[in-house]
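Just run_22.txt here, compact mmCIF, C-alpha atoms:
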# COMPACT_ATOMS: atom_id res chain seq x y z
CA MET A 1 76.02 109.70 90.27
CA ASN A 2 74.84 106.30 89.05
CA ARG A 3 78.16 104.70 88.17
CA PRO A 4 80.72 105.51 90.88
CA ALA A 5 82.67 102.35 90.14
CA ALA A 6 83.38 103.50 86.60
CA ALA A 7 84.59 106.87 87.76
CA MET A 8 86.74 105.24 90.42
CA GLY A 9 88.26 103.13 87.68
CA LEU A 10 89.36 106.39 86.08
CA ILE A 11 90.94 107.42 89.37
CA THR A 12 92.82 104.14 89.65
CA ALA A 13 94.15 104.49 86.11
CA LEU A 14 95.28 108.06 86.63
CA CYS A 15 96.52 108.02 90.20
CA VAL A 16 100.03 106.67 89.58
CA PHE A 17 100.70 109.18 86.81
CA LEU A 18 99.19 112.12 88.65
CA VAL A 19 100.82 111.46 92.01
CA SER A 20 104.20 111.31 90.29
CA CYS A 21 103.57 114.53 88.34
CA THR A 22 101.95 116.74 90.99
CA SER A 23 102.95 117.94 94.41
CA GLY A 24 99.58 117.72 96.14
CA GLY A 25 98.89 121.44 96.08
CA SER A 26 96.07 123.13 97.93
CA TYR A 27 92.54 122.67 96.58
CA GLY A 28 91.60 125.18 93.89
CA SER A 29 95.03 126.83 93.62
CA ASN A 30 98.32 126.37 91.80
CA GLY A 31 101.94 126.47 92.81
CA ASP A 32 102.61 130.01 91.49
CA GLU A 33 99.73 131.39 93.53
CA GLN A 34 101.04 129.69 96.68
CA ILE A 35 104.47 131.31 96.23
CA ALA A 36 102.92 134.74 95.68
CA ASP A 37 100.45 134.44 98.55
CA PRO A 38 101.68 132.89 101.81
CA THR A 39 98.12 132.56 103.13
CA ARG A 40 97.01 128.93 103.57
CA VAL A 41 93.37 128.22 102.79
CA ILE A 42 91.70 125.17 104.35
CA HIS A 43 88.68 124.07 102.35
CA TYR A 44 85.65 122.04 103.42
CA VAL A 45 83.41 120.75 100.61
CA SER A 46 80.04 119.19 101.50
CA SER A 47 76.58 118.58 100.10
CA ASP A 48 75.17 119.65 103.46
CA LEU A 49 74.41 123.32 104.01
CA GLU A 50 76.88 125.00 106.33
CA GLU A 51 74.27 125.46 109.04
CA GLN A 52 73.67 121.70 109.08
CA GLN A 53 76.28 119.05 109.96
CA PRO A 54 79.31 121.25 109.02
CA ARG A 55 78.39 124.11 111.34
CA ILE A 56 80.49 123.00 114.30
CA ILE A 57 83.63 122.56 112.22
CA SER A 58 82.99 125.94 110.58
CA GLU A 59 82.56 127.69 113.94
CA GLN A 60 85.73 126.14 115.35
CA ALA A 61 87.64 126.89 112.14
CA ARG A 62 86.66 130.55 112.15
CA GLU A 63 87.73 130.89 115.78
CA TYR A 64 91.08 129.41 114.77
CA GLU A 65 91.27 131.84 111.83
CA LYS A 66 90.94 134.83 114.19
CA LYS A 67 94.03 133.69 116.09
CA HIS A 68 95.99 132.64 112.98
CA PRO A 69 95.50 135.34 110.30
CA THR A 70 97.59 133.48 107.70
CA ILE A 71 95.23 130.49 107.88
CA LYS A 72 91.93 131.03 106.11
CA TYR A 73 88.89 128.76 106.08
CA GLU A 74 86.43 128.37 103.21
CA PHE A 75 83.27 126.27 103.08
CA GLU A 76 81.76 125.16 99.77
CA ASN A 77 78.32 123.64 99.37
CA VAL A 78 77.84 121.26 96.42
CA ASN A 79 74.59 119.73 95.21
CA THR A 80 74.09 116.20 96.48
CA SER A 81 73.83 114.89 92.92
CA ASP A 82 77.20 116.45 92.03
CA LEU A 83 79.23 115.67 95.14
CA VAL A 84 80.52 112.19 94.31
CA GLN A 85 81.54 113.11 90.77
CA LYS A 86 83.27 116.30 91.95
CA ILE A 87 85.30 114.48 94.61
CA GLN A 88 86.27 111.70 92.19
CA LEU A 89 87.51 114.21 89.61
CA LEU A 90 89.45 116.14 92.25
CA ALA A 91 91.02 112.89 93.45
CA ALA A 92 92.01 112.04 89.87
CA SER A 93 93.84 115.39 89.63
CA ASN A 94 95.38 115.02 93.10
CA ASP A 95 93.61 118.18 94.22
CA LEU A 96 91.27 117.06 96.99
CA PRO A 97 90.12 119.68 99.48
CA GLU A 98 91.50 119.33 102.98
CA VAL A 99 88.10 118.26 104.37
CA PHE A 100 85.24 116.86 102.30
CA SER A 101 82.04 114.85 102.49
CA TYR A 102 81.66 111.72 100.43
CA GLU A 103 79.63 108.59 99.83
CA SER A 104 80.23 105.85 102.38
CA GLY A 105 80.90 102.18 101.67
CA ARG A 106 82.70 101.08 98.51
CA PRO A 107 83.41 104.56 97.04
CA LEU A 108 85.05 105.63 100.31
CA GLU A 109 87.00 102.37 100.50
CA GLN A 110 88.37 102.93 96.99
CA LEU A 111 89.64 106.38 97.95
CA ALA A 112 91.37 104.80 100.92
CA ASP A 113 92.86 102.00 98.83
CA ASN A 114 94.42 104.58 96.50
CA GLY A 115 95.94 106.51 99.39
CA PHE A 116 93.89 109.67 98.89
CA ILE A 117 92.52 109.94 102.45
CA LEU A 118 93.86 109.69 105.98
CA ASP A 119 93.27 106.99 108.56
CA ILE A 120 91.71 109.29 111.15
CA GLU A 121 92.30 106.94 114.07
CA LYS A 122 96.05 107.04 113.39
CA VAL A 123 96.01 110.81 112.94
CA PHE A 124 94.07 111.40 116.16
CA ARG A 125 96.46 109.11 118.03
CA GLU A 126 99.38 111.13 116.69
CA LEU A 127 97.71 114.37 117.77
CA GLY A 128 96.72 113.08 121.21
CA LEU A 129 93.01 113.21 120.33
CA GLN A 130 92.30 109.47 120.55
CA ASN A 131 90.12 109.87 123.65
CA GLU A 132 87.80 112.18 121.72
CA LEU A 133 86.48 109.27 119.61
CA ASN A 134 83.52 107.13 120.68
CA PRO A 135 84.57 103.44 120.34
CA ALA A 136 81.17 102.34 118.99
CA ALA A 137 81.31 105.00 116.30
CA VAL A 138 84.86 104.02 115.36
CA LYS A 139 83.91 100.37 115.07
CA LEU A 140 80.89 101.18 112.91
CA LEU A 141 82.81 103.45 110.53
CA LYS A 142 85.58 100.92 110.16
CA SER A 143 83.06 98.26 109.19
CA MET A 144 81.91 100.47 106.30
CA VAL A 145 85.29 99.94 104.63
CA ARG A 146 85.61 96.29 105.64
CA ASP A 147 87.73 97.13 108.71
CA LYS A 148 90.62 98.58 106.70
CA GLY A 149 90.80 101.67 108.91
CA LEU A 150 88.91 104.74 110.09
CA TYR A 151 88.55 106.92 107.00
CA ALA A 152 85.58 109.08 108.02
CA LEU A 153 85.13 111.56 110.84
CA PRO A 154 82.24 110.52 113.13
CA LEU A 155 80.50 113.90 112.92
CA GLU A 156 77.12 112.24 113.31
CA ILE A 157 76.10 108.93 114.82
CA ASN A 158 72.57 107.59 115.06
CA ILE A 159 71.13 104.74 117.04
CA GLU A 160 68.22 102.94 115.40
CA GLY A 161 65.41 100.97 116.97
CA PHE A 162 61.71 100.80 117.70
CA TRP A 163 60.40 103.96 119.34
CA TYR A 164 57.05 103.25 120.97
CA ASN A 165 54.11 104.95 122.60
CA LYS A 166 54.24 103.98 126.28
CA ALA A 167 50.67 105.11 126.91
CA LEU A 168 49.25 102.84 124.21
CA PHE A 169 51.34 99.90 125.42
CA ALA A 170 50.09 100.45 128.98
CA LYS A 171 46.49 100.89 127.85
CA TYR A 172 46.44 97.50 126.15
CA GLY A 173 48.60 95.66 128.68
CA LEU A 174 51.63 95.22 126.41
CA ALA A 175 55.19 94.71 127.56
CA VAL A 176 58.29 95.66 125.56
CA PRO A 177 58.75 92.81 123.05
CA GLU A 178 61.70 90.53 123.73
CA THR A 179 61.25 88.36 120.62
CA TRP A 180 59.82 88.83 117.14
CA ASP A 181 56.91 86.62 118.18
CA ASP A 182 56.25 89.11 121.00
CA LEU A 183 56.44 91.97 118.51
CA LEU A 184 53.91 90.35 116.19
CA HIS A 185 51.63 89.60 119.14
CA ALA A 186 51.75 93.25 120.22
CA ALA A 187 50.90 94.31 116.67
CA GLU A 188 47.93 91.93 116.60
CA VAL A 189 46.59 93.27 119.89
CA LEU A 190 46.97 96.89 118.84
CA GLN A 191 45.29 96.33 115.51
CA SER A 192 42.39 94.51 117.16
CA HIS A 193 41.75 97.73 119.13
CA GLY A 194 41.85 99.93 116.04
CA VAL A 195 45.40 101.21 116.50
CA GLN A 196 47.81 100.98 113.53
CA PRO A 197 50.79 99.10 114.98
CA PHE A 198 53.62 100.74 113.00
CA SER A 199 54.51 103.92 111.19
CA LEU A 200 56.49 103.10 108.04
CA ALA A 201 57.61 105.52 105.32
CA GLY A 202 57.41 103.02 102.49
CA GLY A 203 57.43 105.86 99.98
CA ASN A 204 61.09 106.42 100.87
CA LYS A 205 61.81 102.72 100.22
CA TRP A 206 64.84 102.35 102.52
CA PRO A 207 62.72 102.15 105.72
CA ILE A 208 61.35 98.85 104.38
CA THR A 209 64.82 97.35 103.97
CA ARG A 210 65.69 98.60 107.46
CA LEU A 211 63.02 96.25 108.81
CA ILE A 212 64.23 93.35 106.66
CA ASN A 213 67.76 93.96 107.92
CA SER A 214 66.63 94.16 111.54
CA TYR A 215 65.35 90.59 111.32
CA VAL A 216 68.45 89.47 109.41
CA ILE A 217 70.92 90.65 112.05
CA ARG A 218 68.99 88.82 114.75
CA VAL A 219 69.32 85.60 112.73
CA TYR A 220 72.95 85.95 111.61
CA GLY A 221 74.41 88.55 113.96
CA TYR A 222 75.49 92.17 113.65
CA ASP A 223 78.05 91.50 110.90
CA ALA A 224 75.60 89.78 108.52
CA MET A 225 76.01 92.28 105.68
CA GLN A 226 79.81 92.28 105.93
CA ARG A 227 79.65 88.50 105.56
CA VAL A 228 77.48 88.93 102.49
CA ALA A 229 80.10 91.30 101.05
CA ARG A 230 82.81 88.70 101.78
CA LYS A 231 80.60 86.08 100.07
CA GLU A 232 80.40 84.02 103.26
CA LEU A 233 76.62 84.36 103.17
CA LYS A 234 74.15 84.67 100.33
CA VAL A 235 70.96 86.66 100.65
CA THR A 236 69.13 83.59 99.34
CA ASP A 237 70.05 81.76 102.57
CA PRO A 238 67.02 80.76 104.70
CA GLY A 239 67.34 83.54 107.31
CA PHE A 240 67.24 86.27 104.67
CA VAL A 241 64.23 84.73 102.94
CA LYS A 242 62.45 84.41 106.29
CA ALA A 243 63.18 88.06 107.02
CA ALA A 244 61.59 89.17 103.75
CA ASP A 245 58.62 86.84 104.28
CA THR A 246 58.08 88.22 107.78
CA ILE A 247 58.00 91.85 106.68
CA GLN A 248 55.71 90.94 103.78
CA GLN A 249 53.34 89.15 106.17
CA MET A 250 53.26 92.19 108.46
CA ALA A 251 52.34 94.37 105.48
CA GLN A 252 49.65 91.99 104.28
CA LEU A 253 48.10 92.01 107.75
CA GLY A 254 47.87 95.80 107.55
CA TYR A 255 50.35 96.50 110.33
CA PHE A 256 51.94 99.35 108.30
CA GLY A 257 48.67 100.91 107.16
CA ARG A 258 46.76 100.80 103.89
CA HIS A 259 48.90 103.26 101.91
CA VAL A 260 52.37 102.37 103.11
CA ASN A 261 54.13 102.73 99.75
CA THR A 262 52.96 106.32 99.36
CA THR A 263 53.69 107.31 102.97
CA GLU A 264 56.71 109.62 103.28
CA THR A 265 58.86 110.24 106.34
CA ASP A 266 57.07 113.40 107.45
CA GLU A 267 53.67 111.70 107.43
CA ALA A 268 55.00 108.60 109.20
CA THR A 269 56.54 110.78 111.91
CA THR A 270 53.37 112.82 112.33
CA MET A 271 51.23 109.69 112.71
CA PHE A 272 53.47 108.46 115.52
CA LEU A 273 53.68 111.81 117.28
CA GLU A 274 49.91 112.26 117.13
CA GLY A 275 49.28 108.86 118.71
CA LYS A 276 47.84 107.29 115.58
CA THR A 277 50.49 104.56 115.49
CA ALA A 278 52.10 102.74 118.38
CA MET A 279 55.60 101.97 117.06
CA TYR A 280 58.04 103.64 114.68
CA TYR A 281 61.31 102.11 113.55
CA THR A 282 63.63 105.07 113.03
CA GLY A 283 66.91 106.54 114.16
CA SER A 284 67.94 109.22 116.61
CA TRP A 285 67.92 111.68 113.70
CA SER A 286 64.18 111.88 114.48
CA LEU A 287 64.85 113.38 117.91
CA ARG A 288 64.49 116.89 116.54
CA ASP A 289 60.84 116.07 115.82
CA PHE A 290 60.35 114.04 119.00
CA ASN A 291 61.67 116.93 121.13
CA SER A 292 59.54 119.51 119.33
CA THR A 293 56.64 120.82 121.41
CA ILE A 294 54.94 121.80 118.15
CA ARG A 295 55.14 118.42 116.39
CA ASN A 296 54.98 116.05 119.35
CA LYS A 297 51.37 115.81 120.52
CA ILE A 298 51.87 112.77 122.80
CA GLY A 299 54.70 114.28 124.85
CA THR A 300 58.28 113.13 125.29
CA GLU A 301 57.40 111.26 128.48
CA ALA A 302 55.20 108.94 126.41
CA ILE A 303 58.03 107.85 124.11
CA GLY A 304 60.27 104.88 124.81
CA LEU A 305 62.88 102.97 122.81
CA PHE A 306 63.51 99.25 122.52
CA ASN A 307 66.11 97.33 120.57
CA ILE A 308 65.27 94.93 117.76
CA PRO A 309 63.64 91.83 119.30
CA LEU A 310 65.44 88.50 119.20
CA VAL A 311 64.69 85.73 116.72
CA LYS A 312 64.39 82.23 118.12
CA GLY A 313 67.49 80.24 117.18
CA GLY A 314 69.33 83.32 115.90
CA VAL A 315 72.80 84.40 117.00
CA GLY A 316 72.05 88.13 117.26
CA THR A 317 71.98 89.67 120.74
CA LYS A 318 70.59 92.74 122.47
CA ASP A 319 74.16 94.08 122.59
CA ASP A 320 73.92 94.62 118.81
CA TRP A 321 72.24 97.83 117.60
CA LEU A 322 71.71 99.07 114.08
CA MET A 323 73.61 102.34 113.73
CA ASN A 324 74.07 104.97 111.06
CA ALA A 325 76.81 107.56 110.57
CA GLY A 326 75.05 109.94 108.21
CA LEU A 327 77.03 111.68 105.46
CA THR A 328 80.69 110.79 105.96
CA THR A 329 83.48 113.38 106.05
CA SER A 330 87.10 112.60 105.25
CA LEU A 331 90.54 114.24 105.29
CA SER A 332 92.89 114.60 102.31
CA ALA A 333 96.20 112.76 102.71
CA ALA A 334 98.01 115.10 100.28
CA ALA A 335 97.03 118.19 102.29
CA TYR A 336 98.18 116.78 105.64
CA ASP A 337 101.08 118.81 107.02
CA ASP A 338 102.06 120.62 110.22
CA THR A 339 99.48 123.35 109.58
CA MET A 340 96.71 120.80 109.25
CA LYS A 341 97.88 119.00 112.38
CA ASP A 342 97.55 122.18 114.44
CA TRP A 343 94.20 123.05 112.82
CA LEU A 344 92.75 119.58 113.41
CA LYS A 345 93.79 119.63 117.05
CA ALA A 346 92.11 123.00 117.57
CA VAL A 347 88.91 122.08 115.74
CA PHE A 348 88.31 118.63 117.22
CA THR A 349 89.38 119.06 120.84
CA GLY A 350 86.13 118.93 122.82
CA TYR A 351 84.04 118.46 119.67
CA GLY A 352 81.58 116.04 121.33
CA ASP A 353 80.90 118.42 124.22
CA LYS A 354 80.37 121.40 121.90
CA ALA A 355 78.01 119.41 119.68
CA MET A 356 75.89 118.29 122.63
CA GLN A 357 76.01 121.46 124.76
CA GLU A 358 75.32 124.00 122.04
CA TYR A 359 73.17 122.04 119.59
CA GLY A 360 71.99 118.84 121.29
CA VAL A 361 73.68 116.90 118.48
CA ILE A 362 74.73 113.29 119.03
CA SER A 363 78.08 112.80 117.35
CA GLY A 364 80.61 109.99 117.28
CA PHE A 365 82.82 111.99 119.63
CA ASN A 366 82.80 111.41 123.37
CA VAL A 367 80.77 113.72 125.58
CA GLN A 368 82.78 114.34 128.72
CA ASN A 369 80.26 116.65 130.40
CA MET A 370 76.60 115.96 129.67
CA PRO A 371 74.58 119.19 130.10
CA GLU A 372 71.75 119.08 132.61
CA ASP A 373 69.27 120.65 130.20
CA VAL A 374 69.66 118.09 127.42
CA PRO A 375 66.23 116.62 126.54
CA LYS A 376 65.66 113.25 128.19
CA LEU A 377 65.19 111.42 124.89
CA THR A 378 68.46 112.83 123.56
CA GLN A 379 70.26 111.82 126.73
CA MET A 380 68.74 108.34 126.52
CA ALA A 381 69.95 107.98 122.93
CA GLN A 382 73.46 109.15 123.86
CA GLU A 383 73.63 106.72 126.79
CA THR A 384 72.44 103.90 124.53
CA ILE A 385 75.16 104.69 121.98
CA ASP A 386 77.76 104.72 124.74
CA SER A 387 76.65 101.22 125.81
CA VAL A 388 76.67 99.63 122.33
CA LYS A 389 79.04 96.69 121.96
CA ASN A 390 78.44 96.00 118.27
CA GLY A 391 77.04 98.43 115.71
CA ALA A 392 75.35 96.79 112.73
CA LEU A 393 75.39 98.32 109.25
CA TRP A 394 72.22 99.15 107.38
CA PHE A 395 71.16 96.75 104.62
CA GLU A 396 72.61 98.57 101.60
CA ALA A 397 75.78 99.94 103.21
CA LEU A 398 78.07 97.75 101.09
CA PHE A 399 75.91 97.66 97.95
CA ASP A 400 76.78 99.55 94.78
CA ALA A 401 74.26 101.99 93.30
CA ASP A 402 72.61 99.45 91.00
CA THR A 403 72.19 96.83 93.75
CA GLN A 404 70.81 99.45 96.11
CA THR A 405 68.18 100.39 93.53
CA VAL A 406 67.15 96.74 93.20
CA ALA A 407 66.88 96.38 96.98
CA TRP A 408 64.76 99.51 97.36
CA ASN A 409 62.41 99.19 94.39
CA ASN A 410 61.72 95.51 94.97
CA ALA A 411 61.12 96.13 98.68
CA GLN A 412 58.06 98.18 97.71
CA LEU A 413 56.89 95.36 95.46
CA LEU A 414 57.45 92.86 98.26
CA ILE A 415 55.09 94.59 100.69
CA ALA A 416 52.54 95.48 98.02
CA SER A 417 52.09 92.07 96.36
CA LYS A 418 51.75 88.68 98.02
CA ASP A 419 52.64 87.11 94.67
CA TYR A 420 56.18 88.50 94.90
CA THR A 421 57.56 86.25 97.62
CA GLY A 422 60.44 86.77 100.00
CA ARG A 423 62.41 84.14 98.07
CA MET A 424 61.84 85.98 94.80
CA TYR A 425 62.97 89.25 96.41
CA MET A 426 66.19 87.69 97.68
CA GLN A 427 66.88 85.85 94.40
CA ASP A 428 66.65 89.12 92.47
CA LEU A 429 68.87 90.83 95.04
CA GLN A 430 71.47 88.06 94.93
CA ALA A 431 71.55 88.31 91.13
CA ALA A 432 72.35 92.02 91.48
CA LEU A 433 75.02 91.29 94.08
CA ASP A 434 76.63 88.72 91.79
CA LYS A 435 77.07 91.46 89.16
CA GLN A 436 78.52 93.90 91.69
CA GLN A 437 82.25 94.50 91.31

What would the structure in this file look like if it were written as structure tokens?
Amino acid sequence: MNRPAAAMGLITALCVFLVSCTSGGSYGSNGDEQIADPTRVIHYVSSDLEEQQPRIISEQAREYEKKHPTIKYEFENVNTSDLVQKIQLLAASNDLPEVFSYESGRPLEQLADNGFILDIEKVFRELGLQNELNPAAVKLLKSMVRDKGLYALPLEINIEGFWYNKALFAKYGLAVPETWDDLLHAAEVLQSHGVQPFSLAGGNKWPITRLINSYVIRVYGYDAMQRVARKELKVTDPGFVKAADTIQQMAQLGYFGRHVNTTETDEATTMFLEGKTAMYYTGSWSLRDFNSTIRNKIGTEAIGLFNIPLVKGGVGTKDDWLMNAGLTTSLSAAAYDDTMKDWLKAVFTGYGDKAMQEYGVISGFNVQNMPEDVPKLTQMAQETIDSVKNGALWFEALFDADTQTVAWNNAQLLIASKDYTGRMYMQDLQAALDKQQ
């Protein structure tokens, strides 16, 4: 949906009237049906397919259903393009499903502000589940709603950074870059030997802004984009302009290849895994491809990970990692009762261990017992997440839909045309931010 703010305005206008006139009944049913049928149905609505992110919840829920025949579980898949509108309309009628996926950032914050969703940290503390939550994941998810609370379950957590080909680095005598100057030097050396330095899926647009943001957080620190949202920083400030100029310069030098703006994720991944590029900025969501014996032609032993290099004079540190929580999942406040308390405790006890042991999935839940057969790269990513002190948000996390479009479309223009300068990019972005409500 292109105008979530407008729809949320409808929610705000209706919420007082609707909350006073309805009793917060179960999703998709009415009061008469509840009296006639004592069975409680717990609904989970998501734009993911059930065999994707929701599968662990669904498996746990169906095990619970076997032991509690009056508690039924239903999963509903909704098209990605329809999800936000559907949830907003359900919120406006005080009929949210018990569990649902939603858009992170401002839309999620507005649901929280209107009291539609639960603070999960408080709920888990009440249920004795607080030790299930990974602190780095909690901190990241809180930052997505300007630290007002934990309003999304950390079903998925990704660490981002530069994955690199160890064999190519060794072949050309390169060390892991400590600074951006080191990174640019490594790129120059690689290119001089006919090796494309970086894979970049410019066709997807957001990977370009990931690189801009990586420089930004080394200049201003991990909370740079929160400070932009609080209007403490402007994206026209020197560090932002320098970030855009730096990425543009790298593109102009050919470090991302000749057809970067038509390169999609699959091609960028393949180039890295076939040894055609030496570095690939991506997240741990790519581990499925890295661990695949079919896709990975260089071998897992040849892949390493390093954090974003430091910028001279910047305040960012190696303790700060860019992180991503994937599609967020929240809990309805109106549906929270003793039944839900018991269900939540059953579903989320040991969630992190189940995710890792059975599926090799890195979640924002603690893993108490790391399986011995977990792939080394997956284990490395999990250990890195466990060590993170500060998780930084991606560039557009607190942008509205219109501002995000400006950031993405102009990022392609930035790396394609030397006439569109870093300052021009940031001026256009700041103009969009100034219009953002």

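For the set A:Ile157, A:Val45, A:Ile308, A:Leu433, the residue with the smallest atom-to-atom gap to Gln404 in chain A is A:Leu433, counting only C-alpha atoms.
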
Next on the checklist: Residues within 7 Å of range 304-306 of chain A, please, as a PyMOL selection string. Count all atoms listed in the file; anything in the same chain fewer than 2 positions from it doesn't count.
Outcome noted: chain A and resi 161-166+302+308

Give me the residues within 9 Å of Glu396 in chain A as a compact mmCIF listing (two decimals) with C-alpha atoms, keeping the file's coordinate frame, counting only C-alpha atoms and dropping any in the same chain fewer than 3 places off.
# COMPACT_ATOMS: atom_id res chain seq x y z
CA TRP A 206 64.84 102.35 102.52
CA THR A 209 64.82 97.35 103.97
CA MET A 225 76.01 92.28 105.68
CA LEU A 393 75.39 98.32 109.25
CA PHE A 399 75.91 97.66 97.95
CA ASP A 400 76.78 99.55 94.78
CA THR A 403 72.19 96.83 93.75
CA GLN A 404 70.81 99.45 96.11
CA ALA A 407 66.88 96.38 96.98
CA TRP A 408 64.76 99.51 97.36

Next on the checklist: Considering only C-alpha atoms, can you say which of A:Trp321, A:Tyr73, A:Tyr351, A:Trp180 comes closest to Ile56 in chain A?
Outcome noted: A:Tyr351

Item to check | Atom-to-atom span, CA of Glu109 in chain A and CA of Thr329 in chain A, Å | outcome: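 Result for CA of Glu109 in chain A versus CA of Thr329 in chain A: 12.8 Å, one decimal.
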
Could you give me, as CSV, a per-residue list for range 146-188 of chain A showing, wherever an atom lies at most 7 Å from an atom of range 112-131 of chain A, the closest pair of atoms and their distance in Å to one decimal, using only C-alpha atoms and sorting by chain then residue number from low to high?
residue,atom,partner,partner_atom,distance
A:Gly149,CA,A:Asp119,CA,5.9
A:Leu150,CA,A:Asp119,CA,5.1
A:Tyr151,CA,A:Asp119,CA,5.0
A:Ala152,CA,A:Ile120,CA,6.9
A:Leu153,CA,A:Ile120,CA,7.0

Per-residue nearest contacts range 123-161 of chain A to range 353-370 of chain A, cut-off 10 Å, using all atoms listed in the file, as a Markdown table:
| residue | atom | partner | partner_atom | distance |
| --- | --- | --- | --- | --- |
| A:Gln130 | CA | A:Phe365 | CA | 9.9 |
| A:Asn131 | CA | A:Asn366 | CA | 7.5 |
| A:Glu132 | CA | A:Asn366 | CA | 5.3 |
| A:Leu133 | CA | A:Phe365 | CA | 4.6 |
| A:Asn134 | CA | A:Phe365 | CA | 5.0 |
| A:Pro135 | CA | A:Gly364 | CA | 8.2 |
| A:Ala136 | CA | A:Gly364 | CA | 7.9 |
| A:Ala137 | CA | A:Gly364 | CA | 5.1 |
| A:Val138 | CA | A:Gly364 | CA | 7.6 |
| A:Leu140 | CA | A:Gly364 | CA | 9.8 |
| A:Leu141 | CA | A:Gly364 | CA | 9.7 |
| A:Leu153 | CA | A:Gly364 | CA | 8.0 |
| A:Pro154 | CA | A:Gly364 | CA | 4.5 |
| A:Leu155 | CA | A:Ser363 | CA | 5.2 |
| A:Glu156 | CA | A:Ser363 | CA | 4.2 |
| A:Ile157 | CA | A:Ser363 | CA | 5.0 |
| A:Asn158 | CA | A:Ile362 | CA | 7.3 |
| A:Ile159 | CA | A:Ile362 | CA | 9.5 |

Checklist entry - Leaving out Ala186 in chain A and any residue of its chain fewer than 6 positions from it, which residues lie within 9 Å of it when counting all atoms listed in the file, given as a list in words? => result Phe169, Leu174, Ala175, Val176, Pro177 and Pro197 of chain A

Neighbourhood query: residues within 8 Å of (76.9, 127.2, 98.9), file coordinates, counting all atoms listed in the file; return as a tab-separated table (two decimals) with C-alpha atoms, keeping the file's coordinate frame.
chain	number	residue	atom	x	y	z
A	49	LEU	CA	74.41	123.32	104.01
A	50	GLU	CA	76.88	125.00	106.33
A	75	PHE	CA	83.27	126.27	103.08
A	76	GLU	CA	81.76	125.16	99.77
A	77	ASN	CA	78.32	123.64	99.37
A	78	VAL	CA	77.84	121.26	96.42

Item to check | Gap from CA of Gln430 in chain A to CA of Val235 in chain A - Å, one decimal | outcome: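 Answer for the CA of Gln430 in chain A to CA of Val235 in chain A separation: 5.9 Å.
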
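Nearest-residue note for Lys139 in chain A: choosing from A:Asp223, A:Glu264, A:Asp428, A:Asp434, the minimum distance belongs to A:Asp223, counting all atoms listed in the file.
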
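Rounded to one decimal, CA of Tyr64 in chain A and CA of Asp48 in chain A lie 21.8 Å from each other.
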
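Residues with any atom within 12 Å of the point (61.6, 102.7, 94.0), counting only C-alpha atoms, are A:Gly202, A:Gly203, A:Asn204, A:Lys205, A:Trp206, A:Pro207, A:Ile208, A:Thr209, A:Asn261, A:Thr262, A:Asp402, A:Gln404, A:Thr405, A:Val406, A:Ala407, A:Trp408, A:Asn409, A:Asn410, A:Ala411, A:Gln412, A:Leu413, A:Leu414.
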
Checklist outcome for this item: In terms of only C-alpha atoms, the residue from A:Thr293, A:Thr269, A:Thr328, A:Gln249 at minimal distance from Asp419 in chain A is A:Gln249

Item to check | From A:Asn324, A:Thr349, A:Ser47, A:Thr421, residue lying nearest Ile385 in chain A [only C-alpha atoms] | outcome: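 Going through A:Asn324, A:Thr349, A:Ser47, A:Thr421 one by one, the smallest distance to Ile385 in chain A is for A:Asn324.
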
Item to check | Close residues, Ser192 in chain A itself excluded, 12 Å, all atoms listed in the file, min 5 positions apart in chain, as a list in words | outcome: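 What passes the distance filter is Tyr172, His185, Ala186, Ala187, Pro197, Leu253, Gly254 and Tyr255 of chain A.
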
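Distance check against Glu301 in chain A using only C-alpha atoms: of A:Met424, A:Val228, A:Thr236, A:Ala167, the minimum falls on A:Ala167.
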
Box dimensions and centre (Å, one decimal) enclosing range 345-355 of chain A, axis-aligned, 4 Å extra per side, as lines of an AutoDock Vina configuration file:
center_x = 85.9
center_y = 119.5
center_z = 120.0
size_x = 23.8
size_y = 15.0
size_z = 16.5

Next on the checklist: Need to verify the contact set: Ala392 in chain A, 6 Å, all atoms listed in the file, exclusion of same-chain residues closer than 6 positions in sequence. Can you return it as a PyMOL selection string?
Outcome noted: chain A and resi 222+321-323

Would you mind putting N, CA and C atoms back on range 175-181 of chain A and writing the result as an mmCIF file, in the coordinates of the input?
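File written: out_12.cif
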data_model
loop_
_atom_site.group_PDB
_atom_site.id
_atom_site.type_symbol
_atom_site.label_atom_id
_atom_site.label_comp_id
_atom_site.auth_asym_id
_atom_site.auth_seq_id
_atom_site.Cartn_x
_atom_site.Cartn_y
_atom_site.Cartn_z
ATOM 1 N N ALA A 175 53.829 94.529 127.079
ATOM 2 C CA ALA A 175 55.190 94.710 127.560
ATOM 3 C C ALA A 175 56.111 94.953 126.363
ATOM 4 N N VAL A 176 57.305 95.480 126.634
ATOM 5 C CA VAL A 176 58.290 95.660 125.560
ATOM 6 C C VAL A 176 58.637 94.298 124.976
ATOM 7 N N PRO A 177 58.513 94.130 123.669
ATOM 8 C CA PRO A 177 58.750 92.810 123.050
ATOM 9 C C PRO A 177 60.207 92.348 123.207
ATOM 10 N N GLU A 178 60.358 91.116 123.621
ATOM 11 C CA GLU A 178 61.700 90.530 123.730
ATOM 12 C C GLU A 178 62.051 89.735 122.477
ATOM 13 N N THR A 179 61.031 89.183 121.814
ATOM 14 C CA THR A 179 61.250 88.360 120.620
ATOM 15 C C THR A 179 60.381 88.895 119.478
ATOM 16 N N TRP A 180 60.660 88.437 118.255
ATOM 17 C CA TRP A 180 59.820 88.830 117.140
ATOM 18 C C TRP A 180 58.395 88.301 117.290
ATOM 19 N N ASP A 181 58.252 87.135 117.909
ATOM 20 C CA ASP A 181 56.910 86.620 118.180
ATOM 21 C C ASP A 181 56.156 87.583 119.097
#
